[in-house]
Each structure stands twice: as C-alpha cells, then as structure tokens.
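J.: File name input_34.txt; file contents compact mmCIF, C-alpha atoms; full text below.
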# COMPACT_ATOMS: atom_id res chain seq x y z
CA LYS A 29 168.92 -9.09 -79.25
CA GLN A 30 165.41 -8.51 -77.93
CA GLU A 31 164.94 -9.26 -74.24
CA VAL A 32 161.62 -9.22 -72.42
CA THR A 33 161.36 -8.83 -68.65
CA GLN A 34 158.35 -9.14 -66.39
CA ILE A 35 158.36 -7.82 -62.86
CA PRO A 36 157.29 -8.94 -60.32
CA ALA A 37 157.71 -12.68 -60.79
CA ALA A 38 154.88 -13.34 -58.33
CA LEU A 39 152.11 -11.27 -56.82
CA SER A 40 149.39 -11.92 -54.22
CA VAL A 41 146.50 -9.51 -53.80
CA PRO A 42 143.15 -9.58 -51.99
CA GLU A 43 140.02 -9.95 -54.06
CA GLY A 44 138.64 -6.70 -55.45
CA GLU A 45 141.96 -4.91 -55.85
CA ASN A 46 142.97 -3.22 -59.06
CA LEU A 47 146.43 -4.30 -60.15
CA VAL A 48 149.08 -3.65 -62.77
CA LEU A 49 151.46 -6.15 -64.31
CA ASN A 50 154.57 -4.88 -66.05
CA CYS A 51 156.44 -5.95 -69.16
CA SER A 52 159.56 -4.28 -70.49
CA PHE A 53 161.51 -4.91 -73.69
CA THR A 54 164.89 -3.75 -74.91
CA ASP A 55 164.30 -3.16 -78.64
CA SER A 56 161.50 -0.79 -79.61
CA ALA A 57 161.34 -2.15 -83.19
CA ILE A 58 158.36 -4.42 -82.58
CA TYR A 59 155.30 -5.10 -84.71
CA ASN A 60 152.95 -6.08 -81.88
CA LEU A 61 152.77 -7.19 -78.26
CA GLN A 62 150.52 -9.87 -76.79
CA TRP A 63 149.43 -10.61 -73.25
CA PHE A 64 148.63 -14.24 -72.45
CA ARG A 65 147.17 -16.10 -69.52
CA GLN A 66 148.43 -19.57 -68.57
CA ASP A 67 146.64 -21.79 -66.08
CA PRO A 68 148.59 -24.63 -64.40
CA GLY A 69 149.12 -27.56 -66.74
CA LYS A 70 147.51 -25.73 -69.64
CA GLY A 71 148.53 -23.85 -72.74
CA LEU A 72 148.50 -20.12 -73.26
CA THR A 73 145.34 -18.16 -73.93
CA SER A 74 145.64 -14.82 -75.70
CA LEU A 75 144.08 -11.96 -73.71
CA LEU A 76 145.00 -8.84 -75.64
CA LEU A 77 147.08 -7.99 -78.69
CA ILE A 78 148.35 -4.47 -79.32
CA GLN A 79 149.68 -3.52 -82.74
CA SER A 80 152.79 -1.34 -82.79
CA SER A 81 150.73 1.62 -84.00
CA GLN A 82 148.29 1.36 -81.08
CA ARG A 83 148.58 2.70 -77.54
CA GLU A 84 146.14 0.43 -75.75
CA GLN A 85 143.56 -2.33 -76.00
CA THR A 86 140.68 -3.17 -73.69
CA SER A 87 138.69 -6.31 -73.07
CA GLY A 88 136.26 -6.39 -70.18
CA ARG A 89 138.18 -5.79 -66.94
CA LEU A 90 141.51 -5.90 -68.76
CA ASN A 91 143.38 -3.00 -70.27
CA ALA A 92 146.79 -3.24 -71.89
CA SER A 93 148.92 -0.25 -72.80
CA LEU A 94 152.00 0.03 -74.98
CA ASP A 95 154.74 2.66 -74.93
CA LYS A 96 157.27 1.64 -77.58
CA SER A 97 159.60 4.56 -76.97
CA SER A 98 160.16 3.54 -73.36
CA GLY A 99 159.98 -0.20 -74.09
CA ARG A 100 157.12 -0.84 -71.71
CA SER A 101 153.69 -2.41 -71.61
CA THR A 102 151.31 -2.76 -68.69
CA LEU A 103 148.34 -5.02 -68.12
CA TYR A 104 145.74 -3.50 -65.84
CA ILE A 105 143.23 -5.81 -64.17
CA ALA A 106 140.28 -4.11 -62.54
CA ALA A 107 138.40 -5.52 -59.55
CA SER A 108 140.44 -8.71 -59.38
CA GLN A 109 138.72 -12.04 -58.70
CA PRO A 110 140.03 -15.42 -57.49
CA GLY A 111 139.39 -16.73 -61.01
CA ASP A 112 142.04 -14.33 -62.29
CA SER A 113 144.70 -16.39 -60.51
CA ALA A 114 147.11 -17.62 -63.19
CA THR A 115 150.45 -16.81 -64.76
CA TYR A 116 150.42 -13.85 -67.12
CA LEU A 117 152.97 -13.67 -69.91
CA CYS A 118 153.77 -10.95 -72.38
CA ALA A 119 155.25 -11.67 -75.78
CA VAL A 120 156.81 -9.19 -78.17
CA GLY A 121 156.45 -9.67 -81.90
CA SER A 122 160.01 -8.93 -82.91
CA GLY A 123 161.99 -9.69 -86.04
CA THR A 124 160.62 -11.94 -88.71
CA TYR A 125 157.58 -13.95 -87.62
CA LYS A 126 158.96 -14.44 -84.11
CA TYR A 127 157.70 -13.77 -80.62
CA ILE A 128 159.98 -13.28 -77.63
CA PHE A 129 158.35 -14.18 -74.33
CA GLY A 130 158.87 -12.88 -70.82
CA THR A 131 159.09 -15.35 -67.94
CA GLY A 132 155.70 -14.31 -66.59
CA THR A 133 154.08 -12.98 -63.44
CA ARG A 134 152.36 -15.55 -61.25
CA LEU A 135 149.23 -13.91 -59.83
CA LYS A 136 147.25 -15.16 -56.88
CA VAL A 137 144.00 -13.39 -55.94
CA LEU A 138 142.93 -14.23 -52.42
CA ALA A 139 139.23 -14.63 -51.59
CA ASN B 47 136.26 -25.96 -81.80
CA ALA B 48 139.42 -28.07 -81.81
CA GLY B 49 141.88 -25.20 -82.40
CA VAL B 50 145.43 -26.50 -81.87
CA THR B 51 145.75 -30.14 -80.84
CA GLN B 52 148.97 -31.71 -79.60
CA THR B 53 149.66 -35.41 -79.27
CA PRO B 54 150.75 -37.05 -77.09
CA LYS B 55 150.02 -35.11 -73.89
CA PHE B 56 152.61 -36.96 -71.81
CA ARG B 57 155.59 -39.13 -72.64
CA VAL B 58 158.57 -40.64 -70.86
CA LEU B 59 161.58 -41.61 -72.93
CA LYS B 60 164.94 -43.14 -72.23
CA THR B 61 168.10 -41.33 -73.29
CA GLY B 62 168.86 -42.07 -76.94
CA GLN B 63 165.30 -42.94 -77.95
CA SER B 64 163.54 -41.05 -80.70
CA MET B 65 160.01 -39.75 -80.96
CA THR B 66 157.78 -37.37 -82.89
CA LEU B 67 155.39 -34.82 -81.44
CA LEU B 68 152.40 -33.97 -83.59
CA CYS B 69 150.64 -30.62 -83.81
CA ALA B 70 147.43 -30.18 -85.78
CA GLN B 71 145.43 -26.97 -86.32
CA ASP B 72 142.06 -26.58 -87.97
CA MET B 73 142.05 -22.78 -88.41
CA ASN B 74 143.81 -22.66 -91.79
CA HIS B 75 146.71 -20.74 -90.23
CA GLU B 76 149.81 -20.10 -92.31
CA TYR B 77 152.27 -19.87 -89.42
CA MET B 78 153.07 -22.64 -86.97
CA TYR B 79 155.57 -22.71 -84.11
CA TRP B 80 157.18 -25.11 -81.67
CA TYR B 81 158.26 -23.77 -78.26
CA ARG B 82 159.68 -25.32 -75.15
CA GLN B 83 158.89 -24.02 -71.68
CA ASP B 84 161.31 -24.53 -68.81
CA PRO B 85 161.12 -23.13 -65.26
CA GLY B 86 162.62 -19.66 -65.08
CA MET B 87 163.34 -19.58 -68.83
CA GLY B 88 160.02 -18.61 -70.32
CA LEU B 89 159.00 -19.96 -73.71
CA ARG B 90 161.78 -20.40 -76.23
CA LEU B 91 161.22 -20.91 -79.94
CA ILE B 92 162.61 -24.17 -81.32
CA HIS B 93 161.50 -24.09 -84.98
CA TYR B 94 158.78 -22.38 -86.93
CA SER B 95 157.07 -22.57 -90.32
CA VAL B 96 155.57 -19.79 -92.42
CA GLY B 97 153.82 -22.12 -94.82
CA GLU B 98 153.41 -25.64 -96.11
CA GLY B 99 156.75 -27.15 -97.04
CA THR B 100 158.83 -24.47 -95.30
CA THR B 101 160.60 -24.54 -91.92
CA ALA B 102 163.13 -22.35 -90.15
CA LYS B 103 165.26 -22.47 -87.03
CA GLY B 104 164.30 -20.59 -83.92
CA GLU B 105 166.28 -19.78 -80.80
CA VAL B 106 167.07 -23.34 -79.60
CA PRO B 107 166.93 -25.71 -82.61
CA ASP B 108 169.76 -28.12 -81.76
CA GLY B 109 168.66 -31.73 -81.27
CA TYR B 110 165.29 -31.20 -82.98
CA ASN B 111 163.96 -31.53 -86.51
CA VAL B 112 160.62 -30.46 -87.95
CA SER B 113 158.48 -31.04 -90.97
CA ARG B 114 155.40 -29.40 -92.41
CA LEU B 115 154.18 -31.54 -95.26
CA LYS B 116 150.59 -30.41 -94.84
CA LYS B 117 149.39 -26.94 -93.92
CA GLN B 118 147.47 -28.16 -90.89
CA ASN B 119 150.23 -30.29 -89.37
CA PHE B 120 153.62 -29.44 -87.86
CA LEU B 121 155.77 -32.30 -86.57
CA LEU B 122 158.63 -31.99 -84.08
CA GLY B 123 161.15 -34.82 -83.97
CA LEU B 124 163.75 -35.78 -81.40
CA GLU B 125 166.28 -38.07 -83.09
CA SER B 126 168.24 -39.06 -79.98
CA ALA B 127 166.61 -37.80 -76.80
CA ALA B 128 168.78 -36.28 -74.06
CA PRO B 129 167.86 -35.42 -70.45
CA SER B 130 168.32 -31.71 -71.32
CA GLN B 131 165.27 -32.05 -73.58
CA THR B 132 163.01 -32.74 -70.62
CA SER B 133 160.49 -29.93 -70.90
CA VAL B 134 156.96 -28.93 -71.75
CA TYR B 135 156.55 -28.46 -75.50
CA PHE B 136 153.95 -26.12 -76.92
CA CYS B 137 152.74 -25.75 -80.45
CA ALA B 138 151.16 -22.53 -81.66
CA SER B 139 149.68 -21.24 -84.89
CA SER B 140 148.59 -17.92 -86.31
CA TYR B 141 147.47 -16.17 -89.47
CA HIS B 142 149.89 -14.29 -91.69
CA ARG B 143 151.41 -11.30 -89.96
CA THR B 144 149.64 -8.86 -92.28
CA VAL B 145 146.29 -9.91 -90.84
CA ASN B 146 145.86 -7.43 -88.01
CA ASN B 147 144.88 -8.32 -84.50
CA GLN B 148 145.21 -12.04 -84.99
CA PRO B 149 146.89 -13.65 -81.99
CA GLN B 150 148.80 -16.87 -81.67
CA HIS B 151 146.71 -19.87 -80.63
CA PHE B 152 148.37 -22.47 -78.41
CA GLY B 153 147.86 -26.16 -77.79
CA ASP B 154 147.74 -27.59 -74.26
CA GLY B 155 151.30 -28.84 -74.39
CA THR B 156 153.22 -32.11 -74.33
CA ARG B 157 155.01 -32.95 -71.11
CA LEU B 158 158.15 -34.88 -72.02
CA SER B 159 160.55 -36.51 -69.56
CA ILE B 160 163.85 -38.02 -70.66
CA LEU B 161 165.40 -40.44 -68.20
What does the file become when written as structure tokens?
T.:
Amino acid sequence: KQEVTQIPAALSVPEGENLVLNCSFTDSAIYNLQWFRQDPGKGLTSLLLIQSSQREQTSGRLNASLDKSSGRSTLYIAASQPGDSATYLCAVGSGTYKYIFGTGTRLKVLA
Amino acid sequence: NAGVTQTPKFRVLKTGQSMTLLCAQDMNHEYMYWYRQDPGMGLRLIHYSVGEGTTAKGEVPDGYNVSRLKKQNFLLGLESAAPSQTSVYFCASSYHRTVNNQPQHFGDGTRLSIL
C-alpha cells in the first residue's frame, strides 16, 4: 500500500531564505507526483506536476525534483516571501486514477 | 473562470439526517473525485469517477454514495449522517491520465458538521 510522508510537519523561516520541503513515498511505481499549496479555508492549488519519466519541474521560484528509485521528492522555494506562507502538500499518482496525499508541511515565512 | 464549484460551502446536520453535496466543473474533465480532509490525516479519497455514468470506491467509501449522471457534475450523498463524517469535503477534477502534465483542479471545499 502506498504511503506518503512529509517532514517536517511545520516550518518557520525568515523572509528571503531558500528552503526545501520533503516528500517521501513507499512504492516507486508511480505515474506522476504533484505539489499543491493550500491556504487556510481554501482548496488546493496545483503548483508543479512531475511525470514519472521526469526528474524535475520549475515554475518561477519553485523547483520540484523527483527520485523514484529512492522514493523521494523535494520542493525548493527560493527567496521565500511572507506570501508563501501556506500548507504544502504532495500527492503521488499511484494505482489506477488515484492520488495518495501526504499530510502536508505548514510553512510560515516571517517578515 | 469557474473551474470546480462546490455547493454548499457550509452545512450543519443532525445525526441521522441526509444531504447531498454537489460538485460542478466546467473544464470538460473526464475524471472527478471526492475527498475528505481531517486534521492529521491528509486528504483521503472517498469515491471517484472516470467518466459519465461510472463511479468507483476510494479509500473510505463507507457511509457515502455518489452519482455522475452528467459529465460536469459529481454528487456525494450522505444517507444517514454520523458525527464521524464531520470533515471538510473537497471535490477535484482532471483530464484523462494520458493527457500529460494536467493536474487535478480542486474546489474550495464544503465544511460539514454533524451534531
């Protein structure tokens, strides 16, 4: 059974820092991996999607990497800003049509 | 752009009552999903649909039923609400899996409390 873990559960950093969020999964047979952002009281917004054949994806200050063999993905945020404060979730496309979600990392960027 | 719209946004029910949550998407997506989100549990898949007229069970289907009579709508029903069903419910939709780099799109959620 696929399990997805995100560590740490919460993180506080000063504005301007570069930071890395981690996502690990137990079954390497995935077809893609998504990183989402969730603001309080809101739904999830897709940030980056990496297909299983890809190693990384970039969008602006965000870079996501995927290492299927080790069951790991990282989300790198460059030059963090207070507006980046949110919960970040990773979801693994695993099995037929399904996504398995991690419990998220709650990020707070201090001004 | 409407995207994925969920109604209602909030609801309080008494134990044993029934209700239906509605999800509508205007992106012509084939796949639609219902999740619940609970503190410390992450999002868990309740039911999903890969096309009009088809539904399938997810990870936590007990106590829920779904229907997808039209491609753009996915309904989640609670026949006899229980306090354990207090949660935030999210609907999502996406294109067919063979369409590369197409993410899931989420609604803003329905906050449901069962007393």
J.: Find the distance between atom CA of Thr102 of chain A and atom CA of Val50 of chain B and write it in Å to one decimal.
T.: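 Atom-to-atom, atom CA of Thr102 of chain A to atom CA of Val50 of chain B, that is 27.8 Å.
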J.: Quick check: residues of chain A within 12 Å of chain B, all atoms listed in the file, returned as a ChimeraX atom specification.
T.: /A:29-34,37,59-82,85,115-134
J.: What does the structure give for the distance between atom CA of Ala48 of chain B and atom CA of Arg82 of chain B, in Å to one decimal?
T.: 21.5 Å
